[in-house]
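S.K.: To be precise about what I am sending: the file is called entry_25.cif and holds mmCIF, C-alpha atoms and all ligand atoms.
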```cif
data_protein
#
loop_
_atom_site.label_atom_id
_atom_site.label_comp_id
_atom_site.auth_asym_id
_atom_site.auth_seq_id
_atom_site.Cartn_x
_atom_site.Cartn_y
_atom_site.Cartn_z
CA MET A 172 -7.89 -23.91 -10.47
CA SER A 173 -5.60 -22.33 -13.04
CA ALA A 174 -4.68 -24.16 -16.21
CA VAL A 175 -1.64 -26.37 -15.82
CA VAL A 176 1.30 -24.82 -17.63
CA PRO A 177 2.95 -27.47 -19.78
CA LEU A 178 6.29 -27.56 -18.02
CA ASP A 179 8.67 -30.31 -18.83
CA ALA A 180 9.21 -32.95 -16.18
CA GLU A 181 12.54 -31.59 -14.91
CA LYS A 182 11.11 -28.09 -14.44
CA LEU A 183 8.14 -29.56 -12.63
CA ARG A 184 10.44 -31.60 -10.41
CA ARG A 185 12.50 -28.55 -9.48
CA ARG A 186 9.39 -26.54 -8.74
CA ALA A 187 8.12 -29.32 -6.50
CA LEU A 188 11.44 -29.36 -4.63
CA ASP A 189 11.40 -25.57 -4.22
CA ILE A 190 7.85 -25.53 -2.90
CA ALA A 191 8.24 -28.55 -0.62
CA GLY A 192 11.58 -27.20 0.61
CA GLU A 193 9.84 -24.14 2.06
CA VAL A 194 7.66 -26.19 4.40
CA PRO A 195 8.75 -25.51 8.00
CA ASP A 196 9.61 -28.25 10.48
CA PRO A 197 6.62 -28.42 12.88
CA GLU A 198 8.85 -28.73 15.95
CA ILE A 199 11.58 -26.24 14.99
CA PRO A 200 9.71 -23.80 12.75
CA VAL A 201 12.79 -21.65 11.97
CA LEU A 202 14.09 -24.55 9.91
CA SER A 203 12.58 -25.60 6.61
CA ILE A 204 12.57 -29.28 5.74
CA ALA A 205 15.20 -28.43 3.09
CA ASP A 206 17.46 -26.89 5.79
CA LEU A 207 17.00 -30.04 7.86
CA GLY A 208 17.80 -32.43 5.06
CA VAL A 209 14.44 -34.15 5.54
CA LEU A 210 13.45 -33.36 1.94
CA ARG A 211 15.28 -35.91 -0.21
CA ASP A 212 14.03 -35.92 -3.78
CA ALA A 213 11.11 -35.40 -6.14
CA ARG A 214 10.01 -36.89 -9.43
CA VAL A 215 7.22 -36.82 -11.98
CA THR A 216 5.77 -40.29 -12.36
CA ALA A 217 4.63 -41.91 -15.61
CA ASP A 218 1.02 -40.86 -14.97
CA GLY A 219 2.08 -37.23 -14.49
CA ALA A 220 1.85 -37.14 -10.70
CA VAL A 221 4.37 -35.20 -8.64
CA GLU A 222 5.97 -37.36 -5.97
CA VAL A 223 8.16 -35.98 -3.17
CA ASP A 224 10.42 -38.08 -0.91
CA ILE A 225 10.97 -37.20 2.73
CA THR A 226 12.98 -39.10 5.33
CA PRO A 227 12.53 -39.15 9.12
CA THR A 228 15.23 -37.80 11.43
CA TYR A 229 14.46 -40.44 14.09
CA SER A 230 12.46 -43.66 13.55
CA GLY A 231 9.79 -42.46 15.94
CA CYS A 232 9.70 -38.83 14.83
CA PRO A 233 6.08 -37.83 15.44
CA ALA A 234 6.35 -34.85 13.09
CA MET A 235 6.54 -36.95 9.92
CA ASP A 236 2.78 -37.23 9.34
CA MET A 237 2.43 -33.49 9.83
CA ILE A 238 5.28 -32.78 7.40
CA ALA A 239 3.80 -35.09 4.77
CA LEU A 240 0.43 -33.37 5.12
CA GLN A 241 1.93 -29.90 4.83
CA VAL A 242 4.00 -30.82 1.79
CA GLU A 243 0.95 -32.22 0.02
CA ALA A 244 -1.03 -29.12 0.86
CA ALA A 245 1.74 -26.80 -0.35
CA LEU A 246 2.10 -28.69 -3.65
CA ALA A 247 -1.67 -28.72 -4.15
CA ALA A 248 -1.88 -24.99 -3.42
CA ALA A 249 0.70 -24.39 -6.16
CA ASP A 250 -1.44 -26.40 -8.61
CA LEU A 251 1.11 -29.16 -9.02
CA PRO A 252 -0.58 -32.25 -10.45
CA LYS A 253 -1.60 -35.12 -8.13
CA PRO A 254 0.89 -34.39 -5.34
CA LYS A 255 2.05 -37.38 -3.32
CA VAL A 256 4.56 -37.79 -0.49
CA ARG A 257 6.66 -40.90 0.05
CA THR A 258 8.57 -41.64 3.24
CA VAL A 259 11.93 -43.25 2.53
CA LEU A 260 14.26 -44.74 5.14
CA SER A 261 17.37 -45.24 3.07
CA PRO A 262 19.91 -43.73 3.08
CA ALA A 263 19.45 -43.03 6.79
CA TRP A 264 19.25 -39.36 7.72
CA THR A 265 22.25 -37.91 9.47
CA THR A 266 22.81 -34.52 11.07
CA ASP A 267 25.59 -33.98 8.50
CA TRP A 268 22.80 -33.34 5.97
CA MET A 269 21.73 -30.20 7.77
CA SER A 270 22.64 -27.20 5.62
CA GLU A 271 25.09 -24.52 6.78
CA ALA A 272 22.23 -21.99 6.59
CA GLY A 273 20.16 -24.36 8.73
CA ARG A 274 22.89 -24.57 11.39
CA GLU A 275 23.13 -20.78 11.57
CA LYS A 276 19.33 -20.43 11.83
CA LEU A 277 19.31 -22.96 14.67
CA ARG A 278 22.01 -21.12 16.58
CA ARG A 279 20.16 -17.82 16.27
CA TYR A 280 17.00 -19.56 17.46
CA GLY A 281 18.83 -20.62 20.65
CA ILE A 282 19.48 -24.27 19.78
CA ALA A 283 23.09 -25.44 19.54
CA PRO A 284 23.54 -27.03 16.10
CA PRO A 285 24.92 -30.58 15.81
CA THR A 286 28.69 -30.99 15.67
CA PRO A 287 29.49 -32.63 12.34
CA ARG A 288 30.22 -36.36 12.63
CA ALA A 289 30.06 -36.30 16.43
CA GLY A 290 27.48 -39.11 16.33
CA ARG A 291 30.36 -41.52 15.87
CA ARG A 292 31.99 -40.81 19.23
CA ALA A 293 32.94 -43.50 21.74
CA LEU A 294 30.08 -45.16 23.61
CA PHE A 295 31.21 -44.19 27.08
CA GLY A 296 33.25 -41.48 28.72
CA LEU A 297 33.72 -38.73 26.17
CA ASP A 298 31.32 -35.83 25.92
CA GLU A 299 31.11 -33.49 22.97
CA ASP A 300 32.22 -29.86 23.08
CA VAL A 301 29.07 -27.84 22.54
CA PRO A 302 29.40 -24.03 22.53
CA CYS A 303 26.52 -22.10 24.12
CA PRO A 304 24.21 -20.81 21.35
CA ARG A 305 23.53 -17.62 23.37
CA CYS A 306 26.94 -16.38 24.52
CA GLY A 307 29.30 -18.64 22.58
CA SER A 308 31.08 -19.86 25.70
CA GLY A 309 32.57 -23.34 25.67
CA GLU A 310 31.86 -23.71 29.40
CA THR A 311 28.83 -25.95 28.99
CA GLN A 312 27.52 -29.16 30.55
CA LYS A 313 25.15 -31.86 29.42
CA LEU A 314 22.10 -32.16 31.69
CA SER A 315 20.37 -34.96 29.82
CA GLU A 316 20.97 -36.81 26.58
CA PHE A 317 17.22 -36.70 25.96
CA GLY A 318 15.38 -33.38 25.73
CA SER A 319 12.06 -31.90 24.68
CA THR A 320 11.95 -33.86 21.40
CA ALA A 321 13.64 -36.99 20.08
CA CYS A 322 16.26 -34.93 18.23
CA LYS A 323 17.36 -32.71 21.11
CA ALA A 324 19.49 -33.04 24.26
CA LEU A 325 19.34 -30.71 27.26
CA TRP A 326 22.47 -28.69 28.11
CA ARG A 327 23.36 -25.68 30.23
CA CYS A 328 25.91 -22.93 29.99
CA THR A 329 27.91 -22.22 33.14
CA ALA A 330 29.07 -18.83 31.79
CA CYS A 331 25.71 -17.17 31.07
CA ARG A 332 23.81 -19.69 33.23
CA GLU A 333 21.15 -20.34 30.59
CA PRO A 334 19.88 -23.83 29.79
CA PHE A 335 19.69 -24.65 26.10
CA ASP A 336 18.72 -27.37 23.66
CA TYR A 337 21.38 -29.12 21.61
CA PHE A 338 20.39 -30.74 18.34
CA LYS A 339 21.71 -34.28 18.84
CA CYS A 340 24.13 -35.85 16.42
CA LEU A 341 23.14 -38.86 14.43
CA MET B 160 -12.99 -57.48 17.82
CA THR B 161 -11.75 -60.88 16.78
CA SER B 162 -8.09 -61.66 16.83
CA ILE B 163 -6.09 -62.23 13.69
CA THR B 164 -3.67 -65.06 13.07
CA VAL B 165 -0.67 -64.57 10.86
CA ALA B 166 0.43 -67.45 8.65
CA GLU B 167 4.14 -67.04 9.33
CA THR B 168 6.89 -67.81 6.91
CA PRO B 169 10.37 -67.84 8.49
CA LEU B 170 11.08 -64.35 7.15
CA LEU B 171 7.77 -62.98 8.37
CA ARG B 172 8.34 -64.51 11.79
CA ALA B 173 11.85 -63.06 12.02
CA VAL B 174 10.62 -59.55 11.19
CA LEU B 175 7.62 -59.84 13.53
CA ALA B 176 9.93 -61.02 16.33
CA ARG B 177 12.01 -57.82 16.14
CA ALA B 178 8.88 -55.69 15.75
CA ASP B 179 7.35 -57.30 18.84
CA ASP B 180 10.62 -56.78 20.76
CA ALA B 181 10.53 -53.08 19.98
CA LEU B 182 6.80 -52.63 20.65
CA VAL B 183 6.71 -54.53 23.95
CA HIS B 184 9.83 -52.80 25.24
CA ALA B 185 8.48 -49.40 24.13
CA HIS B 186 5.27 -50.08 26.02
CA ARG B 187 7.13 -51.05 29.19
CA LEU B 188 9.30 -47.93 29.07
CA SER B 189 6.31 -45.70 28.39
CA GLU B 190 4.78 -46.95 31.66
CA TRP B 191 7.41 -44.79 33.38
CA VAL B 192 6.11 -41.56 31.89
CA GLY B 193 4.93 -39.48 34.80
CA HIS B 194 6.60 -41.81 37.32
CA ALA B 195 10.35 -41.53 36.67
CA PRO B 196 12.62 -40.38 39.53
CA MET B 197 13.01 -36.96 37.89
CA LEU B 198 11.72 -34.95 34.97
CA GLU B 199 14.81 -35.46 32.80
CA GLU B 200 14.45 -39.22 33.20
CA ASP B 201 10.77 -39.06 32.38
CA LEU B 202 11.72 -37.42 29.09
CA ALA B 203 14.61 -39.81 28.50
CA LEU B 204 12.61 -43.02 28.97
CA GLY B 205 9.76 -41.53 26.93
CA ASN B 206 12.18 -40.69 24.12
CA VAL B 207 13.77 -44.14 24.14
CA ALA B 208 10.25 -45.61 24.02
CA LEU B 209 9.46 -43.35 21.06
CA ASP B 210 12.55 -44.54 19.18
CA LEU B 211 11.54 -48.15 19.79
CA LEU B 212 7.96 -47.44 18.76
CA GLY B 213 9.24 -45.90 15.53
CA GLN B 214 11.36 -48.99 14.87
CA ALA B 215 8.36 -51.19 15.61
CA ARG B 216 6.21 -49.25 13.13
CA SER B 217 8.75 -49.65 10.33
CA LEU B 218 9.14 -53.35 11.10
CA TYR B 219 5.37 -54.01 11.24
CA THR B 220 4.90 -52.14 7.98
CA HIS B 221 7.60 -54.34 6.47
CA ALA B 222 5.97 -57.46 7.93
CA ALA B 223 2.60 -56.46 6.50
CA ALA B 224 4.18 -55.98 3.07
CA ILE B 225 5.79 -59.45 3.28
CA GLU B 226 2.46 -60.96 4.32
CA GLY B 227 0.75 -59.24 1.40
CA LEU B 228 -2.78 -59.30 2.83
CA GLU B 229 -3.22 -55.52 3.03
CA ARG B 230 -3.10 -55.60 6.80
CA SER B 231 -1.78 -52.52 8.56
CA GLU B 232 0.94 -52.08 11.17
CA ASP B 233 -1.88 -51.48 13.67
CA ASP B 234 -3.57 -54.79 12.82
CA LEU B 235 -0.36 -56.64 13.60
CA ALA B 236 0.27 -54.71 16.82
CA TYR B 237 -3.23 -54.72 18.25
CA LEU B 238 -5.07 -57.73 16.91
CA ARG B 239 -2.74 -60.63 17.60
CA ASP B 240 -3.05 -62.58 20.88
CA ALA B 241 -0.18 -63.34 23.24
CA PRO B 242 0.77 -66.74 21.74
CA GLN B 243 1.29 -64.97 18.39
CA PHE B 244 3.76 -62.51 19.90
CA ARG B 245 7.39 -63.39 19.21
CA ASN B 246 9.16 -60.97 21.57
CA LEU B 247 11.97 -61.93 23.94
CA LEU B 248 10.79 -62.81 27.46
CA LEU B 249 13.28 -60.28 28.85
CA LEU B 250 11.38 -57.36 27.37
CA GLU B 251 7.93 -58.24 28.70
CA GLN B 252 9.17 -58.50 32.29
CA PRO B 253 7.49 -55.92 34.53
CA ASN B 254 9.38 -52.68 35.14
CA GLY B 255 9.95 -53.36 38.82
CA ASP B 256 12.08 -50.62 40.34
CA PHE B 257 14.19 -48.15 38.39
CA ALA B 258 17.30 -50.39 38.61
CA ASN B 259 15.37 -53.29 37.11
CA THR B 260 14.17 -51.13 34.21
CA ILE B 261 17.68 -49.80 33.55
CA VAL B 262 19.27 -53.28 33.70
CA ARG B 263 16.67 -54.62 31.25
CA LEU B 264 17.26 -51.71 28.87
CA PHE B 265 21.03 -52.02 29.16
CA LEU B 266 21.18 -55.79 28.55
CA HIS B 267 19.00 -55.52 25.47
CA ALA B 268 20.38 -52.29 23.98
CA ALA B 269 23.93 -53.67 24.33
CA PHE B 270 22.76 -56.59 22.18
CA MET B 271 20.77 -54.53 19.67
CA LEU B 272 23.52 -52.03 18.86
CA PRO B 273 25.80 -54.66 17.27
CA TRP B 274 22.75 -56.52 15.91
CA TRP B 275 21.50 -53.49 14.00
CA LYS B 276 25.04 -52.71 12.89
CA ALA B 277 25.29 -56.21 11.38
CA ALA B 278 21.75 -55.99 9.94
CA MET B 279 22.73 -52.86 8.00
CA SER B 280 24.24 -55.23 5.44
CA SER B 281 21.19 -57.50 5.38
CA THR B 282 20.27 -58.90 1.97
CA ASP B 283 16.74 -57.71 2.76
CA ALA B 284 16.96 -54.08 1.61
CA THR B 285 14.10 -52.84 3.80
CA LEU B 286 15.55 -54.47 6.91
CA ALA B 287 18.94 -52.94 6.06
CA ALA B 288 17.32 -49.49 5.78
CA ILE B 289 15.51 -49.85 9.10
CA ALA B 290 18.76 -51.06 10.68
CA ALA B 291 20.71 -48.03 9.46
CA LYS B 292 18.33 -45.76 11.37
CA ALA B 293 17.92 -47.96 14.43
CA GLU B 294 21.65 -48.49 14.91
CA LYS B 295 22.24 -44.80 15.59
CA GLU B 296 19.35 -44.69 18.04
CA ALA B 297 20.54 -47.84 19.81
CA ALA B 298 23.90 -46.16 20.52
CA TYR B 299 22.06 -43.53 22.58
CA HIS B 300 20.12 -46.23 24.42
CA VAL B 301 23.24 -48.19 25.39
CA ARG B 302 24.98 -45.02 26.52
CA HIS B 303 22.02 -43.84 28.58
CA ALA B 304 21.34 -47.16 30.29
CA GLY B 305 25.05 -47.87 30.74
CA GLU B 306 25.74 -44.53 32.39
CA TRP B 307 22.80 -45.06 34.73
CA LEU B 308 23.91 -48.56 35.62
CA ILE B 309 27.40 -47.27 36.48
CA ARG B 310 25.86 -44.62 38.72
CA LEU B 311 23.52 -47.09 40.40
CA GLY B 312 26.02 -49.89 40.85
CA ASP B 313 28.77 -47.58 42.04
CA GLY B 314 26.32 -45.46 44.01
CA THR B 315 24.83 -46.08 47.42
CA GLU B 316 24.59 -49.39 49.21
CA GLU B 317 20.88 -49.43 48.38
CA SER B 318 21.30 -48.71 44.66
CA HIS B 319 24.10 -51.28 44.45
CA ARG B 320 21.91 -53.91 46.11
CA ARG B 321 18.97 -53.17 43.81
CA SER B 322 21.15 -53.32 40.68
CA THR B 323 22.61 -56.65 41.78
CA GLU B 324 19.15 -58.04 42.39
CA ALA B 325 17.96 -56.82 38.99
CA LEU B 326 20.92 -58.44 37.23
CA ASP B 327 20.30 -61.72 39.06
CA ARG B 328 16.59 -61.57 38.26
CA LEU B 329 16.97 -60.80 34.54
CA TRP B 330 20.13 -62.71 33.63
CA ARG B 331 18.22 -65.95 32.99
CA PHE B 332 16.43 -64.20 30.10
CA THR B 333 19.62 -63.10 28.29
CA GLY B 334 20.28 -66.52 26.75
CA GLU B 335 17.23 -66.10 24.52
CA MET B 336 18.91 -63.25 22.64
CA PHE B 337 21.62 -65.67 21.49
CA ALA B 338 19.47 -68.73 20.87
CA ILE B 339 18.86 -69.77 17.27
CA ASP B 340 15.54 -71.02 16.11
CA ALA B 341 15.98 -73.87 13.59
CA GLU B 342 13.66 -71.93 11.27
CA GLU B 343 16.00 -68.94 11.29
CA GLU B 344 19.01 -70.87 10.03
CA PRO B 345 18.20 -70.47 6.32
CA LEU B 346 17.67 -66.73 6.91
CA ILE B 347 21.06 -66.44 8.59
CA GLU B 348 22.57 -68.48 5.78
CA ALA B 349 21.03 -66.12 3.21
CA GLY B 350 22.37 -63.05 5.03
CA VAL B 351 18.92 -61.72 5.96
CA ILE B 352 19.60 -61.58 9.71
CA PRO B 353 22.92 -61.81 11.55
CA HIS B 354 24.04 -64.95 13.35
CA PRO B 355 23.76 -64.20 17.07
CA ALA B 356 27.21 -65.69 17.65
CA ILE B 357 28.80 -62.74 15.84
CA ILE B 358 26.95 -60.37 18.20
CA ARG B 359 28.27 -62.11 21.29
CA PRO B 360 31.80 -60.60 21.52
CA ALA B 361 30.49 -57.02 21.31
CA TRP B 362 27.78 -57.72 23.88
CA ASP B 363 30.24 -59.42 26.24
CA ALA B 364 32.65 -56.49 25.93
CA THR B 365 30.01 -53.80 26.61
CA VAL B 366 28.61 -55.76 29.55
CA ALA B 367 32.09 -56.36 30.97
CA HIS B 368 33.04 -52.68 30.64
CA VAL B 369 29.92 -51.30 32.27
CA LEU B 370 29.68 -53.90 35.05
CA ALA B 371 33.34 -53.28 35.96
CA GLU B 372 32.76 -49.51 36.17
CA ALA B 373 29.58 -50.19 38.13
CA THR B 374 31.42 -52.50 40.57
CA LEU B 375 28.81 -55.16 39.80
CA ALA B 376 29.53 -58.85 39.31
CA ARG B 377 28.42 -60.58 36.13
CA PRO B 378 26.00 -63.35 37.13
CA ARG B 379 26.93 -66.91 36.22
CA ASP B 380 25.38 -68.26 33.01
CA GLY B 381 23.04 -70.88 34.46
CA TRP B 382 19.65 -72.08 33.26
CA MET B 383 18.36 -69.84 30.50
CA GLN B 384 14.63 -69.37 30.04
CA LEU B 385 13.50 -69.54 26.39
CA GLY B 386 10.06 -69.51 24.81
CA GLY B 387 9.19 -65.98 23.73
CA ARG B 388 10.20 -66.49 20.11
CA ARG B 389 7.86 -69.51 20.00
CA GLY B 390 4.98 -67.67 21.64
CA THR B 391 5.31 -69.27 25.07
CA HIS B 392 5.27 -66.21 27.27
CA THR B 393 5.35 -65.36 30.93
CA GLU B 394 2.18 -64.17 32.59
CA ALA B 395 3.42 -60.58 32.29
CA LEU B 396 2.74 -60.32 28.55
CA GLY B 397 -0.98 -61.03 28.88
CA HIS B 398 -1.36 -58.15 31.32
CA LEU B 399 0.66 -55.85 29.10
CA LEU B 400 -1.40 -56.67 26.01
CA ALA B 401 -4.66 -56.26 27.91
CA VAL B 402 -3.71 -52.64 28.54
CA MET B 403 -2.06 -51.96 25.20
CA GLN B 404 -4.71 -53.57 22.99
CA HIS B 405 -7.82 -52.69 24.96
CA LEU B 406 -8.78 -49.59 23.02
CA GLN B 407 -8.47 -51.12 19.54
CA ARG B 408 -10.29 -54.27 20.63
CA ALA B 409 -13.14 -52.36 22.24
CA TYR B 410 -13.39 -49.65 19.57
CA PRO B 411 -12.03 -51.17 16.34
CA GLY B 412 -10.35 -48.62 14.12
CA ALA B 413 -10.50 -45.85 16.73
CA SER B 414 -8.10 -43.00 15.99
CA TRP B 415 -7.19 -39.70 17.64
ZN ZN C 501 26.07 -19.09 27.52
#
```
Kindly present the structure from the file in structure tokens form.
Ligand SMILES: [Zn+2]
M.R.:
Amino acid sequence: MSAVVPLDAEKLRRRALDIAGEVPDPEIPVLSIADLGVLRDARVTADGAVEVDITPTYSGCPAMDMIALQVEAALAAADLPKPKVRTVLSPAWTTDWMSEAGREKLRRYGIAPPTPRAGRRALFGLDEDVPCPRCGSGETQKLSEFGSTACKALWRCTACREPFDYFKCL
Amino acid sequence: MTSITVAETPLLRAVLARADDALVHAHRLSEWVGHAPMLEEDLALGNVALDLLGQARSLYTHAAAIEGLERSEDDLAYLRDAPQFRNLLLLEQPNGDFANTIVRLFLHAAFMLPWWKAAMSSTDATLAAIAAKAEKEAAYHVRHAGEWLIRLGDGTEESHRRSTEALDRLWRFTGEMFAIDAEEEPLIEAGVIPHPAIIRPAWDATVAHVLAEATLARPRDGWMQLGGRRGTHTEALGHLLAVMQHLQRAYPGASW
């Protein structure tokens, strides 16, 4: 282990955020947890430990334990002192926290990114307009509100005839 | 493995009640995995179950913190016996056919959406945080179950008949959602949990909208079966717990 460089707390905090931010989402590996908005904050505690806050996308997101483990490992590998991960629920994650870069990465990966603020639509009747991530056509249909993971819905494009995942709005 | 007994304060009981609701309902829905009418529905019911399981985990963790005995969420889920469970009787009812499962999900989700919305301003900060997440998930549950119920009710003669039977079978359990336990009154007073009367108009409106679209008649409010919140359960819960708790009772502390 290399000697710990005496960084001041703010520098240490920023380094922790940079390193943790690079950790990929286990279910959508093209996105980092910073892109997703799952990484919330970091701090250096009174006893000199580095503590990072993450927040779940969905209450039952099974990837959270994996993310916490990977963040701790990444911080430890960078010799940050006593790395610790906290899961925070408040404020509740929303798809509006996903970065612009994250949305573009999703689209290129073949997943339609969430429409900003569409989570607040009416309960019944109205469907969202979701352009096909492959061909860009607006001629798309929802197949199922629930897809391969808690955060995705299943759609299809009637122009290019490909099915695709849509990152659901919360 | 011996059972545990929780010395419940009113707050602890109120949190456990909602945790048990979510866990028991999640377990019922997960029984459909591999058996749903089609693959998309298998995934949908599994995902709804996962949301509810996530809510249950947060609520049990909160309950354990209130109790302050260093018990885990798993201890509370797996080591209490049926009379200690506080869930609504509606949610422990067997799945029955697909219509019965959808009606049960719809009736409860239509209640929980406005409940969570109101609980977002709970004076209990942790409950408010859990509510802010759960409220968004509940909207998906109401929409999913509601759309199915419309399709079933306004579908074939057979699906209409089965939906009607399910409504008639489960309606007697809906009164428990609106009943107030005398112990909960101070909590309502203190703004910890919402008064069920303020949930009623939203529930009535959602039920009226969906049943009208589904061409289904709202059953008459007759005798309402209570007891779940006090630990007096139907036979169904014992069977459910026997399956759900078996592994942890037989192999304490087992993990994947
Ligand atoms: Zn297309």
S.K.: List the neighbours of Trp330 in chain B out to 10 Å using only C-alpha atoms; skip same-chain residues closer than 3 positions along the sequence, and give me the result as an NGL selection string.
M.R.: :B and (249 or 262-263 or 266 or 324-327 or 333-334 or 377-384)
S.K.: I'd like to know which of A:Pro304, A:Val256, A:Tyr337, A:Cys232 is closest to chain B, using all atoms listed in the file.
M.R.: A:Cys232
S.K.: For Glu372 in chain B, please output as a VMD selection string all residues within 9 Å (counting all atoms listed in the file; exclusion window: fewer than 4 positions along the same chain).
M.R.: chain B and resid 308 to 310 312 to 313 367 to 368
S.K.: Can you work out the spacing between CA of Ala278 in chain B and CA of Ala181 in chain B in Å, to one decimal?
M.R.: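 For CA of Ala278 in chain B relative to CA of Ala181 in chain B, the distance reads 15.3 Å.
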S.K.: Taking all atoms listed in the file into account, which residues of chain B are within 10 Å of chain A, as a ChimeraX atom specification?
M.R.: /B:199-217,284-296,298-303,305-306,365,368-369
S.K.: Record the distance separating CA of Val242 in chain A and CA of Glu229 in chain B, expressed in Å with one decimal.
M.R.: 25.8 Å
S.K.: Grab me every residue within 6 Å of ligand ZN 501 (chain C), counting all atoms listed in the file, and send it over as a PyMOL selection string.
M.R.: chain A and resi 303+305-308+328+330-331+333
S.K.: Got time to write the residues from that selection, C-alpha atoms, as an mmCIF file, keeping the file's coordinate frame?
M.R.:
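To be explicit, this is the file written out as out-v1.cif:
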```
data_model
loop_
_atom_site.group_PDB
_atom_site.id
_atom_site.type_symbol
_atom_site.label_atom_id
_atom_site.label_comp_id
_atom_site.auth_asym_id
_atom_site.auth_seq_id
_atom_site.Cartn_x
_atom_site.Cartn_y
_atom_site.Cartn_z
ATOM 1 C CA CYS A 303 26.520 -22.100 24.120
ATOM 2 C CA ARG A 305 23.530 -17.620 23.370
ATOM 3 C CA CYS A 306 26.940 -16.380 24.520
ATOM 4 C CA GLY A 307 29.300 -18.640 22.580
ATOM 5 C CA SER A 308 31.080 -19.860 25.700
ATOM 6 C CA CYS A 328 25.910 -22.930 29.990
ATOM 7 C CA ALA A 330 29.070 -18.830 31.790
ATOM 8 C CA CYS A 331 25.710 -17.170 31.070
ATOM 9 C CA GLU A 333 21.150 -20.340 30.590
#
```
S.K.: Could you tell me which of A:Ala248, A:Val194, A:Ala272, A:Leu188 comes closest to Asp206 in chain A if we count all atoms listed in the file?
M.R.: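 Closest residue, counting all atoms listed in the file: A:Ala272.
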S.K.: Excluding Lys253 in chain A and its own-chain neighbours fewer than 3 positions away, which residues fall within 8 Å of it when counting all atoms listed in the file? Please give them as a ChimeraX atom specification.
M.R.: /A:219-221,247
S.K.: Could you take the residues named above and write them with C-alpha atoms, as a PDB file, in the coordinates of the input?
M.R.:
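File written: selection-v6.pdb
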```
ATOM      1  CA  GLY A 219       2.080 -37.230 -14.490  1.00  0.00           C
ATOM      2  CA  ALA A 220       1.850 -37.140 -10.700  1.00  0.00           C
ATOM      3  CA  VAL A 221       4.370 -35.200  -8.640  1.00  0.00           C
ATOM      4  CA  ALA A 247      -1.670 -28.720  -4.150  1.00  0.00           C
TER       5      ALA A 247
END
```
S.K.: Considering all atoms listed in the file, tabulate each residue of range 179-229 of chain B that lies at most 9 Å from range 397-407 of chain B along with its nearest interatomic pair and the corresponding distance in Å to one decimal; arrange the rows by chain and ascending residue number and present them as a tab-separated table.
M.R.:
```
residue	atom	partner	partner_atom	distance
B:Val183	CA	B:Leu399	CA	8.1
B:His186	CA	B:Met403	CA	7.6
B:Arg187	CA	B:Leu399	CA	8.1
```
S.K.: Quick one: residues within 7 Å of Gly387 in chain B, only C-alpha atoms counted, chain neighbours fewer than 2 positions away excluded, as a PyMOL selection string?
M.R.: chain B and resi 245-248+385+389-392
S.K.: Could you please determine the separation between CA of Leu264 in chain B and CA of Trp362 in chain B in Å, to one decimal place?
M.R.: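 Distance reported for this atom pair: 13.1 Å.
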S.K.: Find the residues near Asp267 in chain A: any atom within 9 Å, counting all atoms listed in the file, skip ones fewer than 4 places away on the same chain, and give them as a PDB file with C-alpha atoms, in the frame of the given file.
M.R.:
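Written out: around.pdb:
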```pdb
ATOM      1  CA  GLY A 208      17.800 -32.430   5.060  1.00  0.00           C
ATOM      2  CA  PRO A 285      24.920 -30.580  15.810  1.00  0.00           C
ATOM      3  CA  THR A 286      28.690 -30.990  15.670  1.00  0.00           C
ATOM      4  CA  PRO A 287      29.490 -32.630  12.340  1.00  0.00           C
ATOM      5  CA  ARG A 288      30.220 -36.360  12.630  1.00  0.00           C
ATOM      6  CA  CYS A 340      24.130 -35.850  16.420  1.00  0.00           C
ATOM      7  CA  LEU A 341      23.140 -38.860  14.430  1.00  0.00           C
TER       8      LEU A 341
END
```
